[in-house]
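Asker: Supplied structure: upload35.pdb, PDB, C-alpha atoms.
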ATOM      1  CA  MET A 690       0.000   0.000   0.000
ATOM      2  CA  SER A 691       2.862   2.369   0.781
ATOM      3  CA  ALA A 692       4.263   1.799  -2.703
ATOM      4  CA  VAL A 693       0.885   2.701  -4.213
ATOM      5  CA  ARG A 694       0.728   5.907  -2.170
ATOM      6  CA  ALA A 695       4.265   6.823  -3.208
ATOM      7  CA  GLU A 696       3.421   6.270  -6.880
ATOM      8  CA  LEU A 697       0.247   8.378  -6.547
ATOM      9  CA  ALA A 698       2.265  11.151  -4.895
ATOM     10  CA  ARG A 699       4.782  11.024  -7.748
ATOM     11  CA  LEU A 700       2.010  11.243 -10.357
ATOM     12  CA  VAL A 701       0.360  14.169  -8.565
ATOM     13  CA  ALA A 702       3.676  16.037  -8.380
ATOM     14  CA  ALA A 703       4.359  15.400 -12.064
ATOM     15  CA  THR A 704       0.842  16.519 -13.034
ATOM     16  CA  ARG A 705       1.198  19.697 -11.026
ATOM     17  CA  GLY A 706       4.544  20.336 -12.670
ATOM     18  CA  ALA A 707       3.034  19.907 -16.113
ATOM     19  CA  LEU A 708       0.189  22.289 -15.250
ATOM     20  CA  ALA A 709       2.669  24.898 -14.044
ATOM     21  CA  TRP A 710       4.692  24.549 -17.220
ATOM     22  CA  HIS A 711       1.615  24.979 -19.411
ATOM     23  CA  MET A 712       0.353  27.932 -17.367
ATOM     24  CA  GLU A 713       3.739  29.599 -17.639
ATOM     25  CA  GLY A 714       4.045  29.319 -21.396
ATOM     26  CA  GLY A 715       0.948  27.608 -22.769
ATOM     27  CA  GLU A 716      -1.567  28.702 -25.317
ATOM     28  CA  ARG A 717      -4.665  28.792 -23.100
ATOM     29  CA  ASP A 718      -5.806  28.998 -19.496
ATOM     30  CA  LEU A 719      -6.126  25.639 -17.791
ATOM     31  CA  PRO A 720      -8.703  24.678 -15.144
ATOM     32  CA  VAL A 721      -6.906  24.343 -11.828
ATOM     33  CA  PRO A 722      -8.418  23.152  -8.528
ATOM     34  CA  ASP A 723      -8.870  25.874  -5.920
ATOM     35  CA  GLY A 724      -6.322  24.369  -3.542
ATOM     36  CA  TRP A 725      -3.628  23.959  -6.182
ATOM     37  CA  ALA A 726      -2.216  27.467  -5.667
ATOM     38  CA  GLN A 727      -0.386  26.321  -2.520
ATOM     39  CA  PRO A 728       1.229  22.986  -3.397
ATOM     40  CA  SER A 729       3.509  21.140  -1.032
ATOM     41  CA  LEU A 730       6.329  20.118  -3.295
ATOM     42  CA  GLY A 731       9.478  20.779  -1.331
ATOM     43  CA  ARG A 732      10.909  24.045  -2.650
ATOM     44  CA  GLY A 733       9.306  23.618  -6.075
ATOM     45  CA  GLN A 734      11.492  20.779  -7.309
ATOM     46  CA  ALA A 735       8.738  19.089  -9.318
ATOM     47  CA  PHE A 736       7.831  22.374 -11.001
ATOM     48  CA  ARG A 737      11.415  23.203 -11.879
ATOM     49  CA  ALA A 738      11.800  19.795 -13.547
ATOM     50  CA  PHE A 739       9.267  20.974 -16.105
ATOM     51  CA  HIS A 740      10.262  24.637 -16.141
ATOM     52  CA  THR A 741      14.042  24.635 -16.389
ATOM     53  CA  PRO A 742      15.120  24.582 -20.055
ATOM     54  CA  SER A 743      18.172  22.684 -21.146
ATOM     55  CA  ALA A 744      21.111  24.839 -22.069
ATOM     56  CA  PRO A 745      21.409  25.521 -25.777
ATOM     57  CA  PRO A 746      24.434  24.161 -27.612
ATOM     58  CA  ALA A 747      27.490  26.342 -27.328
ATOM     59  CA  PRO A 748      27.664  29.068 -30.003
ATOM     60  CA  ASN A 749      30.825  30.091 -31.805
ATOM     61  CA  ALA A 750      31.607  32.473 -28.950
ATOM     62  CA  GLU A 751      31.731  30.899 -25.499
ATOM     63  CA  ILE A 752      29.000  31.661 -22.965
ATOM     64  CA  ALA A 753      30.514  33.143 -19.855
ATOM     65  CA  ALA A 754      30.322  31.006 -16.720
ATOM     66  CA  PRO A 755      27.918  32.222 -14.012
ATOM     67  CA  SER A 756      29.407  34.615 -11.480
ATOM     68  CA  PRO A 757      27.449  34.128  -8.237
ATOM     69  CA  VAL A 758      29.103  36.906  -6.242
ATOM     70  CA  GLN A 759      30.246  39.271  -8.947
ATOM     71  CA  ALA A 760      29.783  42.855  -7.726
ATOM     72  CA  LEU A 761      28.052  45.421  -9.903
ATOM     73  CA  GLU A 762      28.643  49.126  -9.617
ATOM     74  CA  PRO A 763      25.791  51.026  -7.910
ATOM     75  CA  VAL A 764      23.222  52.579 -10.194
ATOM     76  CA  GLN A 765      20.204  54.792  -9.685
ATOM     77  CA  ALA A 766      16.881  52.938  -9.935
ATOM     78  CA  ILE A 767      17.211  50.756 -13.030
ATOM     79  CA  ALA A 768      19.205  53.020 -15.299
ATOM     80  CA  PRO A 769      21.866  51.377 -17.480
ATOM     81  CA  ALA A 770      24.770  50.376 -15.312
ATOM     82  CA  SER A 771      28.308  49.086 -15.496
ATOM     83  CA  HIS A 772      29.321  45.727 -14.109
ATOM     84  CA  ALA A 773      32.561  44.634 -12.506
ATOM     85  CA  GLY A 774      34.304  44.203 -15.829
ATOM     86  CA  GLY A 775      33.628  47.791 -16.841
ATOM     87  CA  GLY A 776      31.236  49.087 -19.479
ATOM     88  CA  PRO A 777      27.553  48.246 -19.805
ATOM     89  CA  LEU A 778      26.309  44.724 -19.316
ATOM     90  CA  ALA A 779      26.673  43.349 -22.835
ATOM     91  CA  VAL A 780      23.921  41.503 -24.655
ATOM     92  CA  PRO A 781      25.701  39.729 -27.502
ATOM     93  CA  ARG A 782      23.884  38.994 -30.748
ATOM     94  CA  PRO A 783      25.896  36.128 -32.283
ATOM     95  CA  ALA A 784      24.594  33.840 -34.999
ATOM     96  CA  ALA A 785      22.029  31.364 -33.715
ATOM     97  CA  PRO A 786      23.692  28.090 -32.673
ATOM     98  CA  VAL A 787      22.612  24.660 -33.856
ATOM     99  CA  GLY A 788      19.457  23.686 -31.988
ATOM    100  CA  LEU A 789      17.959  27.190 -31.984
ATOM    101  CA  ALA A 790      15.875  28.598 -34.798
ATOM    102  CA  ALA A 791      17.807  30.937 -37.026
ATOM    103  CA  GLY A 792      16.847  34.588 -37.073
ATOM    104  CA  VAL A 793      15.664  37.005 -34.428
ATOM    105  CA  ASP A 794      14.003  34.442 -32.153
ATOM    106  CA  GLY A 795      17.095  32.248 -31.944
ATOM    107  CA  GLN A 796      19.443  35.159 -31.339
ATOM    108  CA  ALA A 797      17.167  36.612 -28.658
ATOM    109  CA  ALA A 798      16.866  33.227 -26.942
ATOM    110  CA  LEU A 799      20.635  32.891 -26.878
ATOM    111  CA  ALA A 800      21.038  36.429 -25.544
ATOM    112  CA  LEU A 801      18.548  35.718 -22.732
ATOM    113  CA  HIS A 802      20.417  32.515 -21.907
ATOM    114  CA  GLN A 803      23.639  34.477 -21.610
ATOM    115  CA  VAL A 804      22.006  37.093 -19.361
ATOM    116  CA  ARG A 805      20.727  34.307 -17.101
ATOM    117  CA  ALA A 806      24.183  32.730 -17.016
ATOM    118  CA  GLU A 807      25.695  36.085 -16.022
ATOM    119  CA  LEU A 808      23.125  36.446 -13.226
ATOM    120  CA  GLY A 809      24.163  33.057 -11.864
ATOM    121  CA  ALA A 810      23.309  32.203  -8.244
ATOM    122  CA  CYS A 811      23.094  35.902  -7.548
ATOM    123  CA  ALA A 812      24.227  37.266  -4.166
ATOM    124  CA  ARG A 813      24.429  40.932  -5.164
ATOM    125  CA  CYS A 814      21.923  42.170  -2.578
ATOM    126  CA  ARG A 815      20.476  40.911   0.706
ATOM    127  CA  LEU A 816      17.325  39.454  -0.845
ATOM    128  CA  CYS A 817      19.377  36.383  -1.711
ATOM    129  CA  GLU A 818      19.462  35.489   1.997
ATOM    130  CA  GLY A 819      15.749  34.741   2.162
ATOM    131  CA  ARG A 820      14.921  33.534  -1.329
ATOM    132  CA  THR A 821      13.986  30.043  -2.432
ATOM    133  CA  GLU A 822      14.318  30.539  -6.174
ATOM    134  CA  ILE A 823      15.477  33.266  -8.564
ATOM    135  CA  VAL A 824      12.561  34.275 -10.813
ATOM    136  CA  PHE A 825      14.232  35.352 -14.028
ATOM    137  CA  GLY A 826      11.437  35.551 -16.606
ATOM    138  CA  ALA A 827       9.516  33.515 -19.158
ATOM    139  CA  GLY A 828       7.791  33.820 -22.505
ATOM    140  CA  SER A 829       8.706  34.555 -26.085
ATOM    141  CA  PRO A 830      12.312  35.733 -26.570
ATOM    142  CA  ALA A 831      11.090  37.970 -29.395
ATOM    143  CA  ALA A 832       7.859  39.256 -27.831
ATOM    144  CA  ARG A 833       6.315  42.520 -28.988
ATOM    145  CA  VAL A 834       5.058  43.182 -25.438
ATOM    146  CA  LEU A 835       7.006  42.769 -22.197
ATOM    147  CA  PHE A 836       5.115  42.786 -18.885
ATOM    148  CA  VAL A 837       7.113  43.704 -15.784
ATOM    149  CA  ALA A 838       6.257  44.085 -12.092
ATOM    150  CA  ASP A 839       8.516  45.166  -9.262
ATOM    151  CA  ALA A 840       9.213  41.767  -7.656
ATOM    152  CA  PRO A 841       7.966  38.185  -7.429
ATOM    153  CA  GLY A 842       5.708  37.144  -4.570
ATOM    154  CA  ARG A 843       5.854  34.237  -2.168
ATOM    155  CA  LEU A 844       4.450  31.622  -4.556
ATOM    156  CA  GLU A 845       6.664  32.783  -7.424
ATOM    157  CA  ASP A 846       9.643  32.508  -5.062
ATOM    158  CA  GLU A 847       8.664  28.950  -4.164
ATOM    159  CA  LEU A 848       8.221  27.791  -7.742
ATOM    160  CA  GLY A 849      10.753  29.947  -9.605
ATOM    161  CA  LEU A 850       8.038  30.930 -12.112
ATOM    162  CA  PRO A 851       6.692  34.409 -12.895
ATOM    163  CA  PHE A 852       3.065  35.383 -12.275
ATOM    164  CA  VAL A 853       1.477  32.243 -10.830
ATOM    165  CA  GLY A 854      -1.463  31.746  -8.497
ATOM    166  CA  GLU A 855      -4.648  33.764  -8.876
ATOM    167  CA  PRO A 856      -2.872  37.001  -9.982
ATOM    168  CA  GLY A 857      -1.043  34.993 -12.641
ATOM    169  CA  ARG A 858      -4.241  33.412 -13.902
ATOM    170  CA  LEU A 859      -5.867  36.848 -14.047
ATOM    171  CA  LEU A 860      -2.891  38.211 -15.995
ATOM    172  CA  GLY A 861      -3.245  35.273 -18.380
ATOM    173  CA  ARG A 862      -6.883  36.213 -18.990
ATOM    174  CA  MET A 863      -5.871  39.842 -19.547
ATOM    175  CA  ILE A 864      -3.284  38.766 -22.141
ATOM    176  CA  HIS A 865      -5.793  36.437 -23.788
ATOM    177  CA  ALA A 866      -8.320  39.298 -23.982
ATOM    178  CA  MET A 867      -5.704  41.237 -25.959
ATOM    179  CA  GLY A 868      -5.722  38.473 -28.567
ATOM    180  CA  LEU A 869      -2.371  37.108 -27.369
ATOM    181  CA  SER A 870      -1.158  34.183 -25.253
ATOM    182  CA  ARG A 871       1.371  33.970 -22.464
ATOM    183  CA  GLY A 872       3.689  32.249 -24.914
ATOM    184  CA  GLU A 873       3.640  35.309 -27.177
ATOM    185  CA  VAL A 874       4.635  37.887 -24.544
ATOM    186  CA  TYR A 875       7.556  38.115 -22.102
ATOM    187  CA  LEU A 876       7.027  38.216 -18.315
ATOM    188  CA  THR A 877       9.620  39.353 -15.812
ATOM    189  CA  TYR A 878      10.360  41.468 -12.740
ATOM    190  CA  LEU A 879      12.673  44.336 -11.896
ATOM    191  CA  ALA A 880      13.918  42.384  -8.857
ATOM    192  CA  LYS A 881      14.662  38.716  -9.420
ATOM    193  CA  CYS A 882      14.114  37.660  -5.783
ATOM    194  CA  SER A 883      11.064  38.083  -3.575
ATOM    195  CA  PRO A 884      11.338  40.818  -0.907
ATOM    196  CA  GLY A 885       8.857  38.916   1.264
ATOM    197  CA  PRO A 886       6.445  41.243   3.041
ATOM    198  CA  GLY A 887       8.721  44.258   2.473
ATOM    199  CA  ASP A 888       9.284  46.565  -0.458
ATOM    200  CA  VAL A 889      12.033  46.445  -3.078
ATOM    201  CA  GLY A 890      14.861  48.697  -1.879
ATOM    202  CA  PRO A 891      17.153  50.875  -3.980
ATOM    203  CA  ASP A 892      20.063  48.486  -3.435
ATOM    204  CA  THR A 893      18.069  45.684  -5.058
ATOM    205  CA  LEU A 894      17.015  47.880  -7.976
ATOM    206  CA  ALA A 895      20.645  48.873  -8.425
ATOM    207  CA  ALA A 896      21.821  45.249  -8.412
ATOM    208  CA  CYS A 897      19.059  43.871 -10.644
ATOM    209  CA  GLY A 898      18.749  46.873 -12.948
ATOM    210  CA  PRO A 899      21.456  45.873 -15.447
ATOM    211  CA  PHE A 900      19.906  42.419 -15.815
ATOM    212  CA  PHE A 901      16.455  43.818 -16.493
ATOM    213  CA  ASP A 902      17.972  46.218 -19.025
ATOM    214  CA  ALA A 903      19.769  43.294 -20.669
ATOM    215  CA  GLN A 904      16.524  41.295 -20.836
ATOM    216  CA  VAL A 905      14.790  44.230 -22.513
ATOM    217  CA  ALA A 906      17.657  44.593 -24.987
ATOM    218  CA  ALA A 907      17.540  40.862 -25.777
ATOM    219  CA  VAL A 908      13.768  40.651 -26.269
ATOM    220  CA  ASN A 909      13.564  44.104 -27.884
ATOM    221  CA  PRO A 910       9.823  44.607 -27.257
ATOM    222  CA  GLU A 911       7.861  47.390 -28.879
ATOM    223  CA  VAL A 912       5.974  48.106 -25.642
ATOM    224  CA  ILE A 913       6.724  47.556 -21.960
ATOM    225  CA  VAL A 914       3.678  47.261 -19.688
ATOM    226  CA  ALA A 915       4.628  48.295 -16.141
ATOM    227  CA  LEU A 916       2.378  46.482 -13.666
ATOM    228  CA  GLY A 917       1.924  48.264 -10.349
ATOM    229  CA  GLU A 918       3.158  51.366  -8.577
ATOM    230  CA  GLY A 919       6.735  50.188  -8.030
ATOM    231  CA  ALA A 920       7.395  49.150 -11.621
ATOM    232  CA  ALA A 921       5.726  52.281 -12.998
ATOM    233  CA  ALA A 922       7.807  54.586 -10.780
ATOM    234  CA  ALA A 923      11.050  52.773 -11.621
ATOM    235  CA  LEU A 924      10.322  53.112 -15.339
ATOM    236  CA  GLY A 925       9.722  56.841 -15.174
ATOM    237  CA  ALA A 926       6.156  57.469 -13.950
ATOM    238  CA  GLU A 927       5.864  60.562 -11.786
ATOM    239  CA  GLY A 928       2.985  60.580  -9.356
ATOM    240  CA  PRO A 929       0.533  58.012  -7.973
ATOM    241  CA  LEU A 930      -0.473  55.215 -10.316
ATOM    242  CA  ALA A 931      -4.149  56.140  -9.988
ATOM    243  CA  ARG A 932      -3.298  59.379 -11.791
ATOM    244  CA  VAL A 933      -0.608  58.308 -14.279
ATOM    245  CA  HIS A 934      -1.905  54.917 -15.457
ATOM    246  CA  GLY A 935      -2.838  54.856 -19.100
ATOM    247  CA  GLN A 936      -0.414  57.654 -19.978
ATOM    248  CA  TRP A 937       2.364  56.722 -22.380
ATOM    249  CA  LEU A 938       5.924  57.071 -21.074
ATOM    250  CA  GLU A 939       9.180  56.721 -22.951
ATOM    251  CA  ARG A 940      12.251  54.998 -21.578
ATOM    252  CA  GLU A 941      15.357  54.915 -23.745
ATOM    253  CA  GLY A 942      13.254  55.279 -26.870
ATOM    254  CA  ARG A 943      10.849  52.508 -25.877
ATOM    255  CA  ALA A 944       7.124  52.975 -25.156
ATOM    256  CA  VAL A 945       6.023  52.206 -21.579
ATOM    257  CA  MET A 946       2.413  51.832 -20.448
ATOM    258  CA  PRO A 947       1.877  51.962 -16.660
ATOM    259  CA  THR A 948      -1.175  50.164 -15.312
ATOM    260  CA  PHE A 949      -2.352  48.287 -12.229
ATOM    261  CA  HIS A 950      -0.940  44.977 -11.029
ATOM    262  CA  PRO A 951      -3.299  41.969 -11.264
ATOM    263  CA  LYS A 952      -3.205  41.756  -7.446
ATOM    264  CA  ALA A 953      -4.813  45.199  -7.281
ATOM    265  CA  LEU A 954      -7.578  44.025  -9.607
ATOM    266  CA  ILE A 955      -8.366  41.146  -7.266
ATOM    267  CA  GLN A 956      -8.563  43.524  -4.301
ATOM    268  CA  HIS A 957     -10.426  46.241  -6.232
ATOM    269  CA  PRO A 958     -12.387  44.645  -9.107
ATOM    270  CA  ARG A 959     -13.673  48.019 -10.319
ATOM    271  CA  THR A 960     -10.194  48.846 -11.616
ATOM    272  CA  LYS A 961     -10.530  46.130 -14.290
ATOM    273  CA  ARG A 962     -12.312  48.613 -16.546
ATOM    274  CA  GLU A 963      -9.396  51.052 -16.239
ATOM    275  CA  VAL A 964      -6.810  48.359 -16.903
ATOM    276  CA  TRP A 965      -8.679  47.178 -19.983
ATOM    277  CA  SER A 966      -8.698  50.756 -21.261
ATOM    278  CA  ASP A 967      -4.914  50.900 -20.744
ATOM    279  CA  LEU A 968      -4.370  47.582 -22.524
ATOM    280  CA  LYS A 969      -6.504  48.682 -25.476
ATOM    281  CA  LYS A 970      -4.063  51.568 -25.947
ATOM    282  CA  VAL A 971      -1.259  48.996 -26.135
ATOM    283  CA  MET A 972      -3.251  47.000 -28.676
ATOM    284  CA  ARG A 973      -3.861  50.062 -30.835
ATOM    285  CA  ARG A 974      -0.159  50.905 -30.768
ATOM    286  CA  LEU A 975       0.677  47.378 -31.907
ATOM    287  CA  GLY A 976      -2.102  47.264 -34.483
ATOM    288  CA  ILE A 977      -3.920  44.433 -32.716
ATOM    289  CA  ASP A 978      -7.679  44.289 -33.281
ATOM    290  CA  ALA A 979      -9.777  43.677 -30.185
ATOM    291  CA  PRO A 980     -11.199  40.125 -30.280
ATOM    292  CA  PRO A 981     -14.987  39.918 -30.529
ATOM    293  CA  PRO A 982     -16.888  39.664 -27.234
ATOM    294  CA  PRO A 983     -17.905  36.121 -26.208
ATOM    295  CA  ARG A 984     -21.366  35.044 -27.284
ATOM    296  CA  GLY A 985     -24.021  34.390 -24.691
TER
END
Would you put the structure from the file into structure tokens?
Answerer:
Amino acid sequence: MSAVRAELARLVAATRGALAWHMEGGERDLPVPDGWAQPSLGRGQAFRAFHTPSAPPAPNAEIAAPSPVQALEPVQAIAPASHAGGGPLAVPRPAAPVGLAAGVDGQAALALHQVRAELGACARCRLCEGRTEIVFGAGSPAARVLFVADAPGRLEDELGLPFVGEPGRLLGRMIHAMGLSRGEVYLTYLAKCSPGPGDVGPDTLAACGPFFDAQVAAVNPEVIVALGEGAAAALGAEGPLARVHGQWLEREGRAVMPTFHPKALIQHPRTKREVWSDLKKVMRRLGIDAPPPPRG
């Protein structure tokens, strides 16, 4: 009987891992039991087995080894910064290696892989002391839209995946309403570790800033959607989000749309109308037609 229970537990863990993988990069929302948002999987190992991609084959130029404790020079907020080697954090654009599709997608995927390798087992700020997993990002390496919030939450920290739980499912529905899927956009955070119940401090923004900038350079999105007060302020919004949401910003020649975080929509459902108005502006900028309303 114990062997049967062990096998059932293994199957449940594998199923949950597959669901997380599909939710993170799948084409449609999946029905998930109410209690699934708080799995007991031992630091997210089963989820990471499905989530962690294999390293791409080595390109002509070597990929630098991770540098867990490499110090970066202080920067203000998330402005472009210099790392320990001097000069801005480089995002190389070599020819796509064997195993990756040629063209923009393959080059962007390789560039993101190199940024992740440079981040390593990061210990550049104190958030590393309390984290379970680094939450780097997920989605299309050549997305037209990049969604960013200030920092991952507790569940994201446990699983190492961006935007999971009820806020993540709501974000997935928002993206789907735009006529897109989670696999067609890129999702990330300014800070790569969860601050727990606290806020993201300037030291964390300074340490993570170059990596966020490098992600943006690799993906090269047409629009960045800043989710929440912290992300909006870091990307140039001046004033409370209730006043500045829906107003186009520009950051280093790139369009930024500040709007509310999905968590705020759960707490204050009336803001959904305002967020949808903001997202329709993004759609118009990208030339995306609003999908027809559901029948019935």
Asker: When you look at Ile913 (chain A) with a cut-off of 8 Å (counting only C-alpha atoms), what residues show up, excluding the ones that are within fewer than 6 positions of it in the same chain? I need them as a PyMOL selection string.
Answerer: chain A and resi 834-837+943-946
Asker: Which distance in Å separates CA of Leu859 (chain A) and CA of Lys961 (chain A), to one decimal?
Answerer: 10.4 Å
Asker: What box, with edges along x, y and z, holds each listed atom of region 917-926 of chain A when 4 Å is added on every side, and can you state its centre and edge lengths in Å to one decimal, as AutoDock Vina command-line options?
Answerer:
--center_x 6.5 --center_y 52.9 --center_z -11.7 --size_x 17.1 --size_y 17.2 --size_z 15.3
Asker: Find the distance between CA of Arg973 (chain A) and CA of Glu927 (chain A) and write it in Å to one decimal.
Answerer: 23.8 Å
Asker: Under the rule that all atoms listed in the file are counted, which of A:Leu850, A:Ala903, A:Ala797, A:Val804 is the nearest residue to Thr821 (chain A)?
Answerer: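 Once distances to Thr821 (chain A) are computed over all atoms listed in the file, the minimum belongs to A:Leu850.
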Asker: Extract, using all atoms listed in the file, all DNA, RNA and protein residues at most 8 Å from Phe852 (chain A), discarding same-chain residues fewer than 6 positions from it, and format them as a VMD selection string.
Answerer: chain A and resid 713 841 845 858 860 876
Asker: What gap, in Å, lies between CA of Arg940 (chain A) and CA of Val908 (chain A)?
Answerer: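 Taking CA of Arg940 (chain A) as the start and CA of Val908 (chain A) as the end point, the length is 15.2 Å.
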Asker: Once the PyMOL selection byres ((chain A and resi 879) around 8) is applied to the coordinates I shared, what remains selected? I want it as a CSV table (one decimal) with C-alpha atoms, in the coordinates of the input.
Answerer:
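Written output follows (out_29.csv):
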chain,number,residue,atom,x,y,z
A,767,ILE,CA,17.2,50.8,-13.0
A,837,VAL,CA,7.1,43.7,-15.8
A,838,ALA,CA,6.3,44.1,-12.1
A,839,ASP,CA,8.5,45.2,-9.3
A,840,ALA,CA,9.2,41.8,-7.7
A,877,THR,CA,9.6,39.4,-15.8
A,878,TYR,CA,10.4,41.5,-12.7
A,880,ALA,CA,13.9,42.4,-8.9
A,881,LYS,CA,14.7,38.7,-9.4
A,894,LEU,CA,17.0,47.9,-8.0
A,897,CYS,CA,19.1,43.9,-10.6
A,898,GLY,CA,18.7,46.9,-12.9
A,901,PHE,CA,16.5,43.8,-16.5
A,920,ALA,CA,7.4,49.2,-11.6
Asker: Check the smallest atom-to-atom distance from each of A:Arg815, A:Arg820, A:His802, A:His957 to Gly849 (chain A) using all atoms listed in the file, then report the winner.
Answerer: A:Arg820
Asker: I'd like the neighbourhood of region 947-956 of chain A as a list in words, where a residue qualifies if any of its atoms comes within 7 Å (using only C-alpha atoms), though same-chain residues fewer than 5 positions away should be ignored.
Answerer: Pro856, Leu859, Leu860, Val914, Ala915, Leu916, Gly917, Ala921, His934, Gly935, Gln936, Lys961, Val964 and Asp967 of chain A
Asker: Taking the file as shown, what set of residues would the PyMOL selection byres ((chain A and resi 817) around 12) give back, as a tab-separated table (two decimals) with C-alpha atoms, in the coordinates of the input?
Answerer:
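Saved the output as out_10.tsv:
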chain	number	residue	atom	x	y	z
A	757	PRO	CA	27.45	34.13	-8.24
A	758	VAL	CA	29.10	36.91	-6.24
A	809	GLY	CA	24.16	33.06	-11.86
A	810	ALA	CA	23.31	32.20	-8.24
A	811	CYS	CA	23.09	35.90	-7.55
A	812	ALA	CA	24.23	37.27	-4.17
A	813	ARG	CA	24.43	40.93	-5.16
A	814	CYS	CA	21.92	42.17	-2.58
A	815	ARG	CA	20.48	40.91	0.71
A	816	LEU	CA	17.32	39.45	-0.84
A	818	GLU	CA	19.46	35.49	2.00
A	819	GLY	CA	15.75	34.74	2.16
A	820	ARG	CA	14.92	33.53	-1.33
A	821	THR	CA	13.99	30.04	-2.43
A	822	GLU	CA	14.32	30.54	-6.17
A	823	ILE	CA	15.48	33.27	-8.56
A	824	VAL	CA	12.56	34.28	-10.81
A	846	ASP	CA	9.64	32.51	-5.06
A	880	ALA	CA	13.92	42.38	-8.86
A	881	LYS	CA	14.66	38.72	-9.42
A	882	CYS	CA	14.11	37.66	-5.78
A	883	SER	CA	11.06	38.08	-3.58
A	884	PRO	CA	11.34	40.82	-0.91
A	885	GLY	CA	8.86	38.92	1.26
A	893	THR	CA	18.07	45.68	-5.06
A	896	ALA	CA	21.82	45.25	-8.41
A	897	CYS	CA	19.06	43.87	-10.64
Asker: Ranking A:Ala931, A:Leu924, A:Val912, A:Ala866 by minimum distance to Trp965 (chain A) and counting only C-alpha atoms, which one comes first?
Answerer: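 That would be A:Ala866, the residue with the smallest distance to Trp965 (chain A).
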Asker: For Gln796 (chain A), which residue out of A:Met863, A:Ala907, A:Pro958, A:Gly872 is the nearest one, using all atoms listed in the file?
Answerer: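 That would be A:Ala907, the residue with the smallest distance to Gln796 (chain A).
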